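**Student:** Next up, entry.cif (mmCIF, C-alpha atoms and all ligand atoms; chains and numbers go by the auth columns).
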data_my_file
loop_
_atom_site.group_PDB
_atom_site.id
_atom_site.type_symbol
_atom_site.label_atom_id
_atom_site.label_comp_id
_atom_site.label_asym_id
_atom_site.label_seq_id
_atom_site.Cartn_x
_atom_site.Cartn_y
_atom_site.Cartn_z
_atom_site.B_iso_or_equiv
_atom_site.auth_seq_id
_atom_site.auth_asym_id
ATOM 1 C CA MET A 1 7.832 -60.825 -18.246 0.00 135 W
ATOM 2 C CA THR A 2 6.619 -57.681 -19.975 0.00 136 W
ATOM 3 C CA PRO A 3 9.421 -55.624 -21.431 0.00 137 W
ATOM 4 C CA LEU A 4 9.623 -52.028 -20.261 0.00 138 W
ATOM 5 C CA VAL A 5 8.488 -49.757 -23.061 0.00 139 W
ATOM 6 C CA LEU A 6 10.410 -46.515 -22.830 0.00 140 W
ATOM 7 C CA SER A 7 8.968 -44.902 -25.907 0.00 141 W
ATOM 8 C CA ALA A 8 5.380 -44.619 -24.538 0.00 142 W
ATOM 9 C CA PRO A 9 4.926 -41.355 -22.606 0.00 143 W
ATOM 10 C CA LEU A 10 3.197 -41.408 -19.240 0.00 144 W
ATOM 11 C CA TRP A 11 0.909 -38.580 -20.251 0.00 145 W
ATOM 12 C CA ARG A 12 -0.171 -36.973 -23.436 0.00 146 W
ATOM 13 C CA THR A 13 -0.270 -33.221 -24.046 0.00 147 W
ATOM 14 C CA ILE A 14 -3.600 -32.177 -25.482 0.00 148 W
ATOM 15 C CA PRO A 15 -3.141 -29.073 -27.627 0.00 149 W
ATOM 16 C CA GLN A 16 -5.664 -26.326 -26.873 0.00 150 W
ATOM 17 C CA PRO A 17 -6.721 -23.595 -29.286 0.00 151 W
ATOM 18 C CA LEU A 18 -4.834 -20.324 -28.862 0.00 152 W
ATOM 19 C CA ALA A 19 -8.065 -18.442 -28.098 0.00 153 W
ATOM 20 C CA LEU A 20 -8.704 -20.724 -25.124 0.00 154 W
ATOM 21 C CA GLN A 21 -5.156 -20.245 -23.829 0.00 155 W
ATOM 22 C CA VAL A 22 -5.522 -16.463 -24.112 0.00 156 W
ATOM 23 C CA LEU A 23 -8.894 -16.629 -22.352 0.00 157 W
ATOM 24 C CA VAL A 24 -7.504 -18.665 -19.437 0.00 158 W
ATOM 25 C CA VAL A 25 -4.620 -16.217 -18.982 0.00 159 W
ATOM 26 C CA ALA A 26 -6.965 -13.204 -19.230 0.00 160 W
ATOM 27 C CA VAL A 27 -9.378 -14.635 -16.642 0.00 161 W
ATOM 28 C CA GLY A 28 -6.449 -15.423 -14.345 0.00 162 W
ATOM 29 C CA LEU A 29 -5.106 -11.861 -14.573 0.00 163 W
ATOM 30 C CA ALA A 30 -8.588 -10.438 -14.000 0.00 164 W
ATOM 31 C CA LEU A 31 -8.953 -12.534 -10.834 0.00 165 W
ATOM 32 C CA ILE A 32 -5.557 -11.345 -9.564 0.00 166 W
ATOM 33 C CA ALA A 33 -6.572 -7.726 -10.228 0.00 167 W
ATOM 34 C CA ALA A 34 -9.896 -8.269 -8.433 0.00 168 W
ATOM 35 C CA GLU A 35 -8.112 -9.768 -5.451 0.00 169 W
ATOM 36 C CA LEU A 36 -5.659 -6.839 -5.225 0.00 170 W
ATOM 37 C CA TRP A 37 -8.526 -4.378 -5.483 0.00 171 W
ATOM 38 C CA TRP A 38 -10.465 -6.218 -2.776 0.00 172 W
ATOM 39 C CA PHE A 39 -7.606 -6.357 -0.290 0.00 173 W
ATOM 40 C CA LEU A 40 -5.612 -3.229 -1.101 0.00 174 W
ATOM 41 C CA GLY A 41 -7.875 -0.944 -3.081 0.00 175 W
ATOM 42 C CA ARG A 42 -9.786 2.016 -1.787 0.00 176 W
ATOM 43 C CA HIS A 43 -13.522 1.556 -1.763 0.00 177 W
ATOM 44 C CA GLY A 44 -15.684 4.623 -2.034 0.00 178 W
ATOM 45 C CA GLY A 45 -14.929 8.140 -0.973 0.00 179 W
ATOM 46 C CA GLY A 46 -15.247 7.589 2.752 0.00 180 W
ATOM 47 C CA VAL A 47 -17.918 8.576 5.201 0.00 181 W
ATOM 48 C CA VAL A 48 -17.789 11.765 7.248 0.00 182 W
ATOM 49 C CA ALA A 49 -18.292 11.148 10.965 0.00 183 W
ATOM 50 C CA ARG A 50 -21.315 12.837 12.529 0.00 184 W
ATOM 51 C CA GLU A 51 -20.380 15.554 14.962 0.00 185 W
ATOM 52 C CA GLY A 52 -22.298 15.675 18.232 0.00 186 W
ATOM 53 C CA GLU A 53 -22.011 17.219 21.682 0.00 187 W
ATOM 54 C CA GLN A 54 -18.693 18.836 22.612 0.00 188 W
ATOM 55 C CA GLY A 55 -17.262 18.096 19.200 0.00 189 W
ATOM 56 C CA LEU A 56 -17.334 14.335 19.652 0.00 190 W
ATOM 57 C CA GLN A 57 -17.378 12.801 16.217 0.00 191 W
ATOM 58 C CA GLU A 58 -19.248 9.548 16.020 0.00 192 W
ATOM 59 C CA VAL A 59 -19.687 6.848 13.422 0.00 193 W
ATOM 60 C CA THR A 60 -21.144 3.349 13.507 0.00 194 W
ATOM 61 C CA ILE A 61 -19.234 0.719 11.564 0.00 195 W
ATOM 62 C CA THR A 62 -20.861 -2.568 10.634 0.00 196 W
ATOM 63 C CA VAL A 63 -18.471 -5.509 10.781 0.00 197 W
ATOM 64 C CA ASP A 64 -19.675 -8.092 8.298 0.00 198 W
ATOM 65 C CA GLY A 65 -16.993 -9.534 6.039 0.00 199 W
ATOM 66 C CA GLY A 66 -15.358 -6.115 6.189 0.00 200 W
ATOM 67 C CA TYR A 67 -15.796 -2.730 7.792 0.00 201 W
ATOM 68 C CA SER A 68 -18.682 -0.719 6.454 0.00 202 W
ATOM 69 C CA PRO A 69 -17.846 2.081 6.075 0.00 203 W
ATOM 70 C CA SER A 70 -14.149 1.300 5.900 0.00 204 W
ATOM 71 C CA ARG A 71 -12.959 4.879 5.396 0.00 205 W
ATOM 72 C CA ILE A 72 -14.053 7.378 7.993 0.00 206 W
ATOM 73 C CA ARG A 73 -13.285 11.030 7.580 0.00 207 W
ATOM 74 C CA VAL A 74 -12.922 13.067 10.750 0.00 208 W
ATOM 75 C CA LYS A 75 -11.562 16.411 11.902 0.00 209 W
ATOM 76 C CA ALA A 76 -8.099 16.268 13.423 0.00 210 W
ATOM 77 C CA GLY A 77 -7.679 17.387 17.025 0.00 211 W
ATOM 78 C CA GLN A 78 -11.206 16.346 18.033 0.00 212 W
ATOM 79 C CA PRO A 79 -12.221 13.114 19.755 0.00 213 W
ATOM 80 C CA VAL A 80 -13.744 10.331 17.686 0.00 214 W
ATOM 81 C CA ARG A 81 -16.002 7.553 18.887 0.00 215 W
ATOM 82 C CA LEU A 82 -16.110 4.507 16.649 0.00 216 W
ATOM 83 C CA ARG A 83 -19.017 2.175 17.303 0.00 217 W
ATOM 84 C CA PHE A 84 -18.366 -1.272 15.860 0.00 218 W
ATOM 85 C CA HIS A 85 -21.412 -3.452 15.323 0.00 219 W
ATOM 86 C CA ARG A 86 -20.243 -6.993 14.627 0.00 220 W
ATOM 87 C CA THR A 87 -22.610 -9.355 12.809 0.00 221 W
ATOM 88 C CA ASP A 88 -19.897 -11.532 11.258 0.00 222 W
ATOM 89 C CA PRO A 89 -19.336 -14.793 13.205 0.00 223 W
ATOM 90 C CA SER A 90 -15.840 -15.216 11.737 0.00 224 W
ATOM 91 C CA GLY A 91 -13.186 -15.172 14.456 0.00 225 W
ATOM 92 C CA CYS A 92 -11.079 -13.153 12.049 0.00 226 W
ATOM 93 C CA VAL A 93 -12.913 -9.943 12.928 0.00 227 W
ATOM 94 C CA ALA A 94 -13.256 -10.580 16.663 0.00 228 W
ATOM 95 C CA GLN A 95 -10.599 -8.007 17.350 0.00 229 W
ATOM 96 C CA VAL A 96 -9.799 -4.663 15.822 0.00 230 W
ATOM 97 C CA ILE A 97 -6.375 -3.081 16.210 0.00 231 W
ATOM 98 C CA PHE A 98 -5.420 0.603 16.008 0.00 232 W
ATOM 99 C CA PRO A 99 -1.614 0.542 15.665 0.00 233 W
ATOM 100 C CA ASP A 100 -1.135 4.326 15.797 0.00 234 W
ATOM 101 C CA PHE A 101 -3.073 4.573 19.046 0.00 235 W
ATOM 102 C CA GLN A 102 -1.650 1.331 20.476 0.00 236 W
ATOM 103 C CA ARG A 103 -5.193 0.226 21.200 0.00 237 W
ATOM 104 C CA THR A 104 -6.976 -3.074 20.685 0.00 238 W
ATOM 105 C CA LEU A 105 -10.716 -3.598 20.894 0.00 239 W
ATOM 106 C CA ASP A 106 -12.520 -6.924 21.302 0.00 240 W
ATOM 107 C CA LEU A 107 -15.761 -7.138 19.372 0.00 241 W
ATOM 108 C CA PRO A 108 -18.313 -9.553 20.820 0.00 242 W
ATOM 109 C CA LEU A 109 -20.607 -11.065 18.191 0.00 243 W
ATOM 110 C CA GLY A 110 -23.997 -9.394 17.807 0.00 244 W
ATOM 111 C CA ALA A 111 -23.039 -6.429 19.937 0.00 245 W
ATOM 112 C CA THR A 112 -21.959 -2.846 19.432 0.00 246 W
ATOM 113 C CA THR A 113 -18.640 -1.936 21.031 0.00 247 W
ATOM 114 C CA SER A 114 -17.240 1.582 21.149 0.00 248 W
ATOM 115 C CA ILE A 115 -13.775 3.025 21.292 0.00 249 W
ATOM 116 C CA GLU A 116 -12.786 6.662 21.653 0.00 250 W
ATOM 117 C CA LEU A 117 -9.702 7.959 19.919 0.00 251 W
ATOM 118 C CA LEU A 118 -8.086 11.325 19.484 0.00 252 W
ATOM 119 C CA PRO A 119 -6.440 11.824 16.100 0.00 253 W
ATOM 120 C CA SER A 120 -4.275 14.727 17.209 0.00 254 W
ATOM 121 C CA ARG A 121 -2.816 15.571 13.820 0.00 255 W
ATOM 122 C CA THR A 122 -3.994 15.268 10.239 0.00 256 W
ATOM 123 C CA GLY A 123 -3.222 12.032 8.456 0.00 257 W
ATOM 124 C CA THR A 124 -4.433 8.517 7.889 0.00 258 W
ATOM 125 C CA TYR A 125 -4.755 6.183 10.849 0.00 259 W
ATOM 126 C CA PRO A 126 -5.320 2.624 9.640 0.00 260 W
ATOM 127 C CA PHE A 127 -7.066 -0.050 11.675 0.00 261 W
ATOM 128 C CA HIS A 128 -7.383 -3.733 10.960 0.00 262 W
ATOM 129 C CA CYS A 129 -8.507 -7.101 12.258 0.00 263 W
ATOM 130 C CA GLY A 130 -6.253 -9.330 14.336 0.00 264 W
ATOM 131 C CA MET A 131 -4.738 -10.878 11.223 0.00 265 W
ATOM 132 C CA ASN A 132 -4.474 -7.665 9.211 0.00 266 W
ATOM 133 C CA MET A 133 -6.792 -8.982 6.510 0.00 267 W
ATOM 134 C CA VAL A 134 -9.811 -6.766 7.053 0.00 268 W
ATOM 135 C CA ARG A 135 -8.824 -3.116 6.994 0.00 269 W
ATOM 136 C CA GLY A 136 -10.183 0.338 7.424 0.00 270 W
ATOM 137 C CA SER A 137 -8.854 3.801 8.038 0.00 271 W
ATOM 138 C CA LEU A 138 -9.541 6.941 9.933 0.00 272 W
ATOM 139 C CA GLU A 139 -8.689 9.948 7.821 0.00 273 W
ATOM 140 C CA ALA A 140 -8.149 13.056 9.895 0.00 274 W
ATOM 141 C CA GLU A 141 -8.392 16.308 7.929 0.00 275 W
HETATM 142 CU CU CU B . -8.785 -11.138 10.214 0.00 301 K
#
Rewrite the coordinates I just gave you, this time as structure tokens.
**Tutor:**
Amino acid sequence: MTPLVLSAPLWRTIPQPLALQVLVVAVGLALIAAELWWFLGRHGGGVVAREGEQGLQEVTITVDGGYSPSRIRVKAGQPVRLRFHRTDPSGCVAQVIFPDFQRTLDLPLGATTSIELLPSRTGTYPFHCGMNMVRGSLEAE
């Protein structure tokens, strides 16, 4: 019978140079920052909706991994038509929700689907996918 050797460790710690440890931590922090920027940051200065007949403001948003543009600037008190063109097969973006307007829009793949909203007062009206991962906003000025 082999005696149990308690002094031999099950694993061995391999010391790494300090520079490598610092590099790993720095890369980790950079990835966290990139993730926060991607999900929570503001991208670009926003796109101004085109104003057409009877003051209807219109903008086409491409849905492909995100909303492009994701920030739409409109005039408050005038109707807005958002045209969503979905090219992303992910089920994540199959629905877009406008909490402030209590409206939900289904976006069939490969099609353009419109919704008309009236931002009655100035402010930011966010919209997002069914799981609140992909986000955009309507900024009424
Ligand atoms: Cu989603």
**Student:** Neighbouring residues of W:Ala183 were defined as those with any atom within 8 Å, considering all atoms listed in the file; residues of the same chain fewer than 2 positions away were excluded. Please report them as a list in words.
**Tutor:**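 After dropping sequence-adjacent residues, the list is Val181, Glu185, Gln191, Glu192, Val193, Ile206, Arg207 and Val208 of chain W.
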**Student:** Keeping only C-alpha atoms, write the selected residues as a short mmCIF file (atom, residue, chain, number, x, y, z; two decimals), in the coordinates of the input.
**Tutor:**
data_model
loop_
_atom_site.label_atom_id
_atom_site.label_comp_id
_atom_site.auth_asym_id
_atom_site.auth_seq_id
_atom_site.Cartn_x
_atom_site.Cartn_y
_atom_site.Cartn_z
CA VAL W 181 -17.92 8.58 5.20
CA GLU W 185 -20.38 15.55 14.96
CA GLN W 191 -17.38 12.80 16.22
CA GLU W 192 -19.25 9.55 16.02
CA VAL W 193 -19.69 6.85 13.42
CA ILE W 206 -14.05 7.38 7.99
CA ARG W 207 -13.28 11.03 7.58
CA VAL W 208 -12.92 13.07 10.75
#
**Student:** Take the PyMOL selection byres (((chain W and resi 237-249) around 6) and not hetatm), apply it to the structure above, and return the hits as a ChimeraX atom specification.
**Tutor:** /W:215-221,228-232,235-236,250
**Student:** Would you mind exporting C-alpha atoms of the selected residues as a PDB file, in the coordinates of the input?
**Tutor:**
ATOM      1  CA  ARG W 215     -16.002   7.553  18.887  1.00  0.00           C
ATOM      2  CA  LEU W 216     -16.110   4.507  16.649  1.00  0.00           C
ATOM      3  CA  ARG W 217     -19.017   2.175  17.303  1.00  0.00           C
ATOM      4  CA  PHE W 218     -18.366  -1.272  15.860  1.00  0.00           C
ATOM      5  CA  HIS W 219     -21.412  -3.452  15.323  1.00  0.00           C
ATOM      6  CA  ARG W 220     -20.243  -6.993  14.627  1.00  0.00           C
ATOM      7  CA  THR W 221     -22.610  -9.355  12.809  1.00  0.00           C
ATOM      8  CA  ALA W 228     -13.256 -10.580  16.663  1.00  0.00           C
ATOM      9  CA  GLN W 229     -10.599  -8.007  17.350  1.00  0.00           C
ATOM     10  CA  VAL W 230      -9.799  -4.663  15.822  1.00  0.00           C
ATOM     11  CA  ILE W 231      -6.375  -3.081  16.210  1.00  0.00           C
ATOM     12  CA  PHE W 232      -5.420   0.603  16.008  1.00  0.00           C
ATOM     13  CA  PHE W 235      -3.073   4.573  19.046  1.00  0.00           C
ATOM     14  CA  GLN W 236      -1.650   1.331  20.476  1.00  0.00           C
ATOM     15  CA  GLU W 250     -12.786   6.662  21.653  1.00  0.00           C
TER      16      GLU W 250
END
**Student:** Would you give the centre and edge lengths, in Å to one decimal, of a box along x, y and z around the listed atoms of stretch 212-225 of chain W, with 4 Å added to each side, as lines of an AutoDock Vina configuration file?
**Tutor:**
center_x = -16.9
center_y = 0.6
center_z = 15.5
size_x = 19.4
size_y = 39.6
size_z = 16.5
**Student:** Ligand CU 301 (chain K): which residues are within 6 Å, counting all atoms listed in the file? Reply as number ranges by chain.
**Tutor:** W: 226-227, 263-268
**Student:** With C-alpha atoms retained, export the selected residues as a tab-separated table (two decimals), keeping the file's coordinate frame.
**Tutor:**
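part-v6.tsv was written with the following content:
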chain	number	residue	atom	x	y	z
W	226	CYS	CA	-11.08	-13.15	12.05
W	227	VAL	CA	-12.91	-9.94	12.93
W	263	CYS	CA	-8.51	-7.10	12.26
W	264	GLY	CA	-6.25	-9.33	14.34
W	265	MET	CA	-4.74	-10.88	11.22
W	266	ASN	CA	-4.47	-7.66	9.21
W	267	MET	CA	-6.79	-8.98	6.51
W	268	VAL	CA	-9.81	-6.77	7.05
**Student:** Which value, in Å to one decimal, gives the distance between atom CA of W:Thr256 and atom CA of W:Ile195?
**Tutor:**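 Result for atom CA of W:Thr256 versus atom CA of W:Ile195: 21.1 Å, one decimal.
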**Student:** Rounded to one decimal in Å, what is the spacing between atom CA of W:Ser224 and atom CA of W:Ser202?
**Tutor:**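 Atom-to-atom, atom CA of W:Ser224 and atom CA of W:Ser202 are spaced 15.7 Å apart.
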**Student:** Could you jot down the atom CA of W:Pro260 to atom CA of W:Leu272 separation for me, Å, one decimal place?
**Tutor:**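 Value for the atom CA of W:Pro260-atom CA of W:Leu272 distance: 6.0 Å.
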**Student:** Kindly extract all protein, DNA and RNA residues lying within 6 Å of the coordinates (-16.2, -12.1, 6.8) given in the file, considering only C-alpha atoms, and supply them as a PyMOL selection string.
**Tutor:** chain W and resi 198-199+222+224
**Student:** Taking all atoms listed in the file into account, which of W:Tyr201, W:Phe173, W:Tyr259, W:Trp145 comes nearest W:Glu273?
**Tutor:**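 Result for the nearest residue to W:Glu273: W:Tyr259.
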**Student:** Here is a test: counting only C-alpha atoms, which residue of W:Arg269, W:Lys209, W:His262, W:Arg146 is nearest to W:Gly189?
**Tutor:**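 Smallest distance to W:Gly189 is found for W:Lys209.
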**Student:** Name the closest residue to W:Arg205 among the candidates W:Ser254, W:Gln155, W:Ser271, W:Ser141; distances are taken between atoms, counting all atoms listed in the file.
**Tutor:** W:Ser271
**Student:** Using only C-alpha atoms, which of the listed residues (W:Asp234, W:Gln150, W:Pro213, W:Pro203) sits closest to W:Val182?
**Tutor:** W:Pro203
**Student:** Write stretch 144-164 of chain W as a PDB file, in the coordinates of the input, completed to N, CA, C and O atoms.
**Tutor:**
ATOM      1  N   LEU W 144       4.123 -41.183 -20.352  1.00  0.00           N
ATOM      2  CA  LEU W 144       3.197 -41.408 -19.240  1.00  0.00           C
ATOM      3  C   LEU W 144       1.943 -40.551 -19.374  1.00  0.00           C
ATOM      4  O   LEU W 144       0.900 -40.882 -18.867  1.00  0.00           O
ATOM      5  N   TRP W 145       2.087 -39.416 -19.985  1.00  0.00           N
ATOM      6  CA  TRP W 145       0.909 -38.580 -20.251  1.00  0.00           C
ATOM      7  C   TRP W 145       1.021 -38.006 -21.633  1.00  0.00           C
ATOM      8  O   TRP W 145       2.074 -38.017 -22.253  1.00  0.00           O
ATOM      9  N   ARG W 146      -0.089 -37.511 -22.091  1.00  0.00           N
ATOM     10  CA  ARG W 146      -0.171 -36.973 -23.436  1.00  0.00           C
ATOM     11  C   ARG W 146      -0.600 -35.519 -23.338  1.00  0.00           C
ATOM     12  O   ARG W 146      -1.514 -35.187 -22.584  1.00  0.00           O
ATOM     13  N   THR W 147       0.096 -34.645 -24.036  1.00  0.00           N
ATOM     14  CA  THR W 147      -0.270 -33.221 -24.046  1.00  0.00           C
ATOM     15  C   THR W 147      -1.387 -33.015 -25.059  1.00  0.00           C
ATOM     16  O   THR W 147      -1.257 -33.429 -26.213  1.00  0.00           O
ATOM     17  N   ILE W 148      -2.485 -32.441 -24.577  1.00  0.00           N
ATOM     18  CA  ILE W 148      -3.600 -32.177 -25.482  1.00  0.00           C
ATOM     19  C   ILE W 148      -3.505 -30.721 -25.930  1.00  0.00           C
ATOM     20  O   ILE W 148      -3.611 -29.817 -25.105  1.00  0.00           O
ATOM     21  N   PRO W 149      -3.253 -30.472 -27.197  1.00  0.00           N
ATOM     22  CA  PRO W 149      -3.141 -29.073 -27.627  1.00  0.00           C
ATOM     23  C   PRO W 149      -4.483 -28.353 -27.524  1.00  0.00           C
ATOM     24  O   PRO W 149      -5.521 -28.925 -27.854  1.00  0.00           O
ATOM     25  N   GLN W 150      -4.450 -27.122 -26.998  1.00  0.00           N
ATOM     26  CA  GLN W 150      -5.664 -26.326 -26.873  1.00  0.00           C
ATOM     27  C   GLN W 150      -5.584 -25.178 -27.877  1.00  0.00           C
ATOM     28  O   GLN W 150      -4.503 -24.691 -28.182  1.00  0.00           O
ATOM     29  N   PRO W 151      -6.743 -24.745 -28.360  1.00  0.00           N
ATOM     30  CA  PRO W 151      -6.721 -23.595 -29.286  1.00  0.00           C
ATOM     31  C   PRO W 151      -6.147 -22.353 -28.608  1.00  0.00           C
ATOM     32  O   PRO W 151      -6.311 -22.180 -27.398  1.00  0.00           O
ATOM     33  N   LEU W 152      -5.477 -21.528 -29.396  1.00  0.00           N
ATOM     34  CA  LEU W 152      -4.834 -20.324 -28.862  1.00  0.00           C
ATOM     35  C   LEU W 152      -5.842 -19.433 -28.137  1.00  0.00           C
ATOM     36  O   LEU W 152      -5.558 -18.894 -27.075  1.00  0.00           O
ATOM     37  N   ALA W 153      -7.047 -19.313 -28.712  1.00  0.00           N
ATOM     38  CA  ALA W 153      -8.065 -18.442 -28.098  1.00  0.00           C
ATOM     39  C   ALA W 153      -8.364 -18.902 -26.676  1.00  0.00           C
ATOM     40  O   ALA W 153      -8.526 -18.086 -25.766  1.00  0.00           O
ATOM     41  N   LEU W 154      -8.415 -20.196 -26.463  1.00  0.00           N
ATOM     42  CA  LEU W 154      -8.704 -20.724 -25.124  1.00  0.00           C
ATOM     43  C   LEU W 154      -7.556 -20.419 -24.175  1.00  0.00           C
ATOM     44  O   LEU W 154      -7.771 -20.025 -23.028  1.00  0.00           O
ATOM     45  N   GLN W 155      -6.318 -20.566 -24.674  1.00  0.00           N
ATOM     46  CA  GLN W 155      -5.156 -20.245 -23.829  1.00  0.00           C
ATOM     47  C   GLN W 155      -5.172 -18.779 -23.423  1.00  0.00           C
ATOM     48  O   GLN W 155      -4.934 -18.442 -22.263  1.00  0.00           O
ATOM     49  N   VAL W 156      -5.476 -17.905 -24.392  1.00  0.00           N
ATOM     50  CA  VAL W 156      -5.522 -16.463 -24.112  1.00  0.00           C
ATOM     51  C   VAL W 156      -6.625 -16.176 -23.096  1.00  0.00           C
ATOM     52  O   VAL W 156      -6.442 -15.418 -22.142  1.00  0.00           O
ATOM     53  N   LEU W 157      -7.765 -16.834 -23.256  1.00  0.00           N
ATOM     54  CA  LEU W 157      -8.894 -16.629 -22.352  1.00  0.00           C
ATOM     55  C   LEU W 157      -8.537 -17.037 -20.923  1.00  0.00           C
ATOM     56  O   LEU W 157      -8.806 -16.305 -19.961  1.00  0.00           O
ATOM     57  N   VAL W 158      -7.880 -18.182 -20.772  1.00  0.00           N
ATOM     58  CA  VAL W 158      -7.504 -18.665 -19.437  1.00  0.00           C
ATOM     59  C   VAL W 158      -6.540 -17.679 -18.766  1.00  0.00           C
ATOM     60  O   VAL W 158      -6.703 -17.333 -17.590  1.00  0.00           O
ATOM     61  N   VAL W 159      -5.572 -17.188 -19.537  1.00  0.00           N
ATOM     62  CA  VAL W 159      -4.620 -16.217 -18.982  1.00  0.00           C
ATOM     63  C   VAL W 159      -5.338 -14.927 -18.607  1.00  0.00           C
ATOM     64  O   VAL W 159      -5.127 -14.366 -17.521  1.00  0.00           O
ATOM     65  N   ALA W 160      -6.249 -14.461 -19.488  1.00  0.00           N
ATOM     66  CA  ALA W 160      -6.965 -13.204 -19.230  1.00  0.00           C
ATOM     67  C   ALA W 160      -7.827 -13.319 -17.974  1.00  0.00           C
ATOM     68  O   ALA W 160      -7.840 -12.413 -17.130  1.00  0.00           O
ATOM     69  N   VAL W 161      -8.533 -14.440 -17.822  1.00  0.00           N
ATOM     70  CA  VAL W 161      -9.378 -14.635 -16.642  1.00  0.00           C
ATOM     71  C   VAL W 161      -8.504 -14.686 -15.385  1.00  0.00           C
ATOM     72  O   VAL W 161      -8.830 -14.088 -14.363  1.00  0.00           O
ATOM     73  N   GLY W 162      -7.371 -15.357 -15.479  1.00  0.00           N
ATOM     74  CA  GLY W 162      -6.449 -15.423 -14.345  1.00  0.00           C
ATOM     75  C   GLY W 162      -5.974 -14.047 -13.915  1.00  0.00           C
ATOM     76  O   GLY W 162      -5.996 -13.702 -12.735  1.00  0.00           O
ATOM     77  N   LEU W 163      -5.579 -13.219 -14.885  1.00  0.00           N
ATOM     78  CA  LEU W 163      -5.106 -11.861 -14.573  1.00  0.00           C
ATOM     79  C   LEU W 163      -6.233 -11.020 -13.979  1.00  0.00           C
ATOM     80  O   LEU W 163      -6.017 -10.249 -13.037  1.00  0.00           O
ATOM     81  N   ALA W 164      -7.445 -11.203 -14.520  1.00  0.00           N
ATOM     82  CA  ALA W 164      -8.588 -10.438 -14.000  1.00  0.00           C
ATOM     83  C   ALA W 164      -8.855 -10.812 -12.545  1.00  0.00           C
ATOM     84  O   ALA W 164      -9.144  -9.952 -11.718  1.00  0.00           O
TER      85      ALA W 164
END
